[in-house]
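Engineer: Following this message is one structure expressed as structure tokens.
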Amino acid sequence: MPWEKGEASPGLVDFLAAHPELPRGTVLVPGCGTGHDVLVFASHGFTVTGMDLAPSAVKLSKEKTAAAGLKADFTLGNFLVDEPFQSFDYVFEHTLFCAIDPPMRDDYVKAVLRWLKPAGTYLAVNYLIPDTDGPPFGTTRDEQIQRFTPHFHLQEDWVPRSYPNRTGLECMFWWKGKAGRR
Ligand SMILES: C[S@@+](CC[C@H](N)C(=O)[O-])C[C@H]1O[C@@H](n2cnc3c(N)ncnc32)[C@H](O)[C@@H]1O
């Protein structure tokens with residue numbers, strides 16, 4: 001699994017360290033892989049749920065969480081089609097958008113809206129590569145702005161610290177839901 005880096009997204013690590021004021025709410029990490037990002041949220045006191053299509057990912061995530069002495073929930077599920085079992089204060093994206101087939105991107109946006117509370121926070125580490133023969137399939141800053149601006153206020157976007165082979169290729173977006181959106 002070339003996406004398995006053995007550690008959480010450096011951008012997420014830096015973001016949570018820089019924002020201790022964030023309310024410790026509920027977080028969904030769809031496409032959580034082996035759970036590195038879930039554990040960072042858990043270590044900062046969030047109530048976090050990781051979701052993945054792959055039973056092996058859920059199993060590894062649970063083992064890693066127990067070994068770290070942290071608490072997090074993991075569920076086997078399809079973020080794009082499942083009906084939410086709860087609404088979350090935060091959804092965190094990291095290499096799920098680029099893993100799905102580009103024709104499914106409208107469904108991805110609908111899924112974010114379905115799983116998130118109306119005024120919730122969507123935090124994303126997007127992979128800005130030109131590849132169209134993925135996965136991973138690249139995106140652009142313009143595409144992210146176009147897809148999410150109708151539903152969210154952009155708080156900030158920036159180029160985060162990344163894994164060595166992704167340096168300068170990621171963009172983080174911090175979106176806040178427009179309360180009352182449908
Ligand atoms: C590229 S990996 C990234 C894993 C993790 N986010 C990371 O960066 O280490 C994408 C993950 O998303 C999962 N996935 C793909 N489509 C999904 C879906 N519709 N619902 C839930 N998980 C999905 C895959 O099984 C895989 O674990």
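By convention in this document, the chains of the structure tokens carry letters A, B, ... by their order, each chain's residues are numbered from 1, and ligands are numbered from 1 in the order they are shown.
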Residues at most 8 Å from ligand 1, using only C-alpha atoms and all ligand atoms? Could they come as a PyMOL selection string?
Structural biologist: chain A and resi 3-9+29-37+51-54+57+76-81+93-96+98-100+135-136
Engineer: Please produce a file of those selected residues containing N, CA and C atoms, as an mmCIF file, in the first residue's frame.
Structural biologist:
data_model
loop_
_atom_site.group_PDB
_atom_site.id
_atom_site.type_symbol
_atom_site.label_atom_id
_atom_site.label_comp_id
_atom_site.auth_asym_id
_atom_site.auth_seq_id
_atom_site.Cartn_x
_atom_site.Cartn_y
_atom_site.Cartn_z
ATOM 1 N N TRP A 3 0.236 4.234 -0.094
ATOM 2 C CA TRP A 3 -0.263 5.366 0.703
ATOM 3 C C TRP A 3 -0.007 5.183 2.193
ATOM 4 N N GLU A 4 0.416 3.977 2.601
ATOM 5 C CA GLU A 4 0.637 3.737 4.034
ATOM 6 C C GLU A 4 1.995 4.319 4.440
ATOM 7 N N LYS A 5 1.968 5.406 5.191
ATOM 8 C CA LYS A 5 3.209 6.117 5.516
ATOM 9 C C LYS A 5 3.698 5.838 6.943
ATOM 10 N N GLY A 6 2.928 5.041 7.686
ATOM 11 C CA GLY A 6 3.374 4.689 9.033
ATOM 12 C C GLY A 6 3.227 5.808 10.042
ATOM 13 N N GLU A 7 2.607 6.883 9.649
ATOM 14 C CA GLU A 7 2.404 8.007 10.572
ATOM 15 C C GLU A 7 1.242 8.859 10.058
ATOM 16 N N ALA A 8 0.734 9.698 10.953
ATOM 17 C CA ALA A 8 -0.391 10.560 10.592
ATOM 18 C C ALA A 8 0.042 11.634 9.597
ATOM 19 N N SER A 9 -0.956 12.244 8.983
ATOM 20 C CA SER A 9 -0.695 13.366 8.088
ATOM 21 C C SER A 9 0.055 14.463 8.852
ATOM 22 N N VAL A 29 -13.478 10.156 10.466
ATOM 23 C CA VAL A 29 -12.374 10.058 9.505
ATOM 24 C C VAL A 29 -12.742 8.953 8.499
ATOM 25 N N PRO A 30 -13.373 9.327 7.369
ATOM 26 C CA PRO A 30 -13.734 8.304 6.385
ATOM 27 C C PRO A 30 -12.510 7.886 5.575
ATOM 28 N N GLY A 31 -12.460 6.609 5.207
ATOM 29 C CA GLY A 31 -11.277 6.101 4.493
ATOM 30 C C GLY A 31 -10.066 6.204 5.397
ATOM 31 N N CYS A 32 -10.221 5.718 6.646
ATOM 32 C CA CYS A 32 -9.194 5.966 7.679
ATOM 33 C C CYS A 32 -7.947 5.128 7.489
ATOM 34 N N GLY A 33 -7.982 4.142 6.557
ATOM 35 C CA GLY A 33 -6.800 3.295 6.382
ATOM 36 C C GLY A 33 -6.467 2.597 7.690
ATOM 37 N N THR A 34 -5.209 2.636 8.090
ATOM 38 C CA THR A 34 -4.817 1.920 9.309
ATOM 39 C C THR A 34 -4.902 2.785 10.563
ATOM 40 N N GLY A 35 -5.527 3.948 10.449
ATOM 41 C CA GLY A 35 -5.945 4.672 11.647
ATOM 42 C C GLY A 35 -5.001 5.724 12.207
ATOM 43 N N HIS A 36 -3.932 6.063 11.487
ATOM 44 C CA HIS A 36 -2.971 7.029 12.045
ATOM 45 C C HIS A 36 -3.633 8.368 12.382
ATOM 46 N N ASP A 37 -4.456 8.873 11.474
ATOM 47 C CA ASP A 37 -5.067 10.188 11.699
ATOM 48 C C ASP A 37 -6.094 10.130 12.835
ATOM 49 N N MET A 51 -13.695 5.214 9.690
ATOM 50 C CA MET A 51 -14.534 4.348 8.847
ATOM 51 C C MET A 51 -13.723 3.907 7.635
ATOM 52 N N ASP A 52 -13.885 2.648 7.273
ATOM 53 C CA ASP A 52 -13.205 2.184 6.063
ATOM 54 C C ASP A 52 -14.006 1.038 5.439
ATOM 55 N N LEU A 53 -13.881 0.937 4.124
ATOM 56 C CA LEU A 53 -14.502 -0.142 3.345
ATOM 57 C C LEU A 53 -13.831 -1.472 3.611
ATOM 58 N N ALA A 54 -12.556 -1.440 3.963
ATOM 59 C CA ALA A 54 -11.741 -2.656 4.017
ATOM 60 C C ALA A 54 -11.714 -3.233 5.434
ATOM 61 N N ALA A 57 -8.390 -2.907 7.138
ATOM 62 C CA ALA A 57 -8.062 -1.573 7.653
ATOM 63 C C ALA A 57 -8.679 -1.378 9.031
ATOM 64 N N LEU A 76 -16.854 -0.502 9.872
ATOM 65 C CA LEU A 76 -16.750 -0.929 8.480
ATOM 66 C C LEU A 76 -17.902 -0.272 7.734
ATOM 67 N N GLY A 77 -17.609 0.489 6.692
ATOM 68 C CA GLY A 77 -18.708 1.146 6.005
ATOM 69 C C GLY A 77 -18.271 1.829 4.735
ATOM 70 N N ASN A 78 -19.289 2.208 3.964
ATOM 71 C CA ASN A 78 -19.051 2.927 2.719
ATOM 72 C C ASN A 78 -19.504 4.365 2.902
ATOM 73 N N PHE A 79 -18.546 5.248 3.013
ATOM 74 C CA PHE A 79 -18.827 6.658 3.269
ATOM 75 C C PHE A 79 -19.761 7.251 2.206
ATOM 76 N N LEU A 80 -19.635 6.794 0.977
ATOM 77 C CA LEU A 80 -20.382 7.408 -0.126
ATOM 78 C C LEU A 80 -21.851 7.022 -0.148
ATOM 79 N N VAL A 81 -22.190 5.853 0.356
ATOM 80 C CA VAL A 81 -23.582 5.395 0.207
ATOM 81 C C VAL A 81 -24.302 5.124 1.520
ATOM 82 N N GLU A 93 -10.728 14.689 5.984
ATOM 83 C CA GLU A 93 -10.376 14.029 4.718
ATOM 84 C C GLU A 93 -8.857 13.950 4.545
ATOM 85 N N HIS A 94 -8.380 12.745 4.198
ATOM 86 C CA HIS A 94 -6.960 12.594 3.878
ATOM 87 C C HIS A 94 -6.820 11.422 2.914
ATOM 88 N N THR A 95 -6.615 11.733 1.651
ATOM 89 C CA THR A 95 -6.438 10.748 0.572
ATOM 90 C C THR A 95 -7.584 9.755 0.423
ATOM 91 N N LEU A 96 -8.818 10.226 0.685
ATOM 92 C CA LEU A 96 -9.991 9.462 0.252
ATOM 93 C C LEU A 96 -10.526 10.066 -1.040
ATOM 94 N N CYS A 98 -9.010 11.488 -3.367
ATOM 95 C CA CYS A 98 -8.171 11.109 -4.518
ATOM 96 C C CYS A 98 -8.212 9.611 -4.798
ATOM 97 N N ALA A 99 -8.795 8.840 -3.859
ATOM 98 C CA ALA A 99 -8.837 7.388 -4.041
ATOM 99 C C ALA A 99 -10.087 6.931 -4.778
ATOM 100 N N ILE A 100 -11.109 7.767 -4.779
ATOM 101 C CA ILE A 100 -12.356 7.331 -5.417
ATOM 102 C C ILE A 100 -12.350 7.723 -6.892
ATOM 103 N N PRO A 135 -6.075 5.220 -9.121
ATOM 104 C CA PRO A 135 -5.779 6.057 -7.977
ATOM 105 C C PRO A 135 -4.281 6.102 -7.665
ATOM 106 N N PRO A 136 -3.822 7.267 -7.107
ATOM 107 C CA PRO A 136 -4.608 8.450 -6.768
ATOM 108 C C PRO A 136 -4.931 9.307 -7.997
#
Engineer: Which parts of stretch 142-181 of chain A does DSSP call strand (DSSP E) when run on the backbone here, written out as a PyMOL selection string?
Structural biologist: chain A and resi 152-158+170-177
Engineer: Only N, CA and C atoms, please: the residues just picked out, written as a CSV table (one decimal), in the first residue's frame.
Structural biologist:
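This went into selection.csv:
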chain,number,residue,atom,x,y,z
A,152,PHE,N,-20.0,25.6,2.2
A,152,PHE,CA,-19.1,25.9,3.4
A,152,PHE,C,-18.4,27.3,3.2
A,153,HIS,N,-18.1,27.9,4.3
A,153,HIS,CA,-17.3,29.1,4.3
A,153,HIS,C,-15.8,28.6,4.5
A,154,LEU,N,-15.0,29.1,3.6
A,154,LEU,CA,-13.6,28.7,3.7
A,154,LEU,C,-12.9,29.6,4.8
A,155,GLN,N,-12.4,28.9,5.9
A,155,GLN,CA,-11.7,29.7,6.9
A,155,GLN,C,-10.3,30.0,6.5
A,156,GLU,N,-9.7,29.0,5.9
A,156,GLU,CA,-8.3,29.2,5.5
A,156,GLU,C,-7.8,28.0,4.6
A,157,ASP,N,-6.9,28.3,3.8
A,157,ASP,CA,-6.3,27.1,3.1
A,157,ASP,C,-4.8,27.4,3.0
A,158,TRP,N,-4.0,26.4,3.0
A,158,TRP,CA,-2.5,26.5,3.0
A,158,TRP,C,-1.8,25.3,2.5
A,170,GLU,N,0.4,19.0,-1.5
A,170,GLU,CA,-0.9,18.9,-0.8
A,170,GLU,C,-1.4,20.3,-0.5
A,171,CYS,N,-2.7,20.4,-0.3
A,171,CYS,CA,-3.3,21.7,0.2
A,171,CYS,C,-4.3,21.3,1.3
A,172,MET,N,-4.2,22.1,2.4
A,172,MET,CA,-5.2,21.9,3.4
A,172,MET,C,-6.3,22.9,3.3
A,173,PHE,N,-7.5,22.5,3.5
A,173,PHE,CA,-8.7,23.4,3.5
A,173,PHE,C,-9.4,23.2,4.8
A,174,TRP,N,-9.7,24.4,5.4
A,174,TRP,CA,-10.5,24.4,6.7
A,174,TRP,C,-11.8,25.1,6.4
A,175,TRP,N,-12.8,24.2,6.3
A,175,TRP,CA,-14.2,24.7,5.9
A,175,TRP,C,-15.1,24.7,7.1
A,176,LYS,N,-16.0,25.7,7.1
A,176,LYS,CA,-17.0,25.7,8.2
A,176,LYS,C,-18.4,25.7,7.5
A,177,GLY,N,-19.3,24.8,7.9
A,177,GLY,CA,-20.6,24.7,7.3
A,177,GLY,C,-21.4,25.9,7.4
Engineer: Run DSSP on the backbone of this structure and report the residues of stretch 62-136 of chain A it assigns to alpha helix (DSSP H), as a list of chain:residue names.
Structural biologist: A:Lys62, A:Glu63, A:Lys64, A:Thr65, A:Ala66, A:Ala67, A:Ala68, A:Arg105, A:Asp106, A:Asp107, A:Tyr108, A:Val109, A:Lys110, A:Ala111, A:Val112, A:Leu113, A:Arg114, A:Trp115
Engineer: So which residues touch A:Phe137 within 9 Å, counting only C-alpha atoms, skipping near sequence neighbours fewer than 2 positions away, as an MDAnalysis selection string?
Structural biologist: chainID A and resid 97:102 127:135 139
Engineer: Could you please determine the separation between atom CA of A:Leu70 and atom CA of A:Pro10 in Å, to one decimal place?
Structural biologist: 19.4 Å
Engineer: Do a neighbour search on A:Lys110 at 12 Å with only C-alpha atoms, toss out local chain neighbours closer than 2 positions, and write the hits as a list of chain:residue names.
Structural biologist: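 That gives A:Phe79, A:Leu80, A:Val81, A:Asp82, A:Glu83, A:Pro84, A:Met104, A:Arg105, A:Asp106, A:Asp107, A:Tyr108, A:Val112, A:Leu113, A:Arg114, A:Trp115, A:Leu116, A:Arg147, A:Phe148, A:Pro150, A:His151, A:Arg182.
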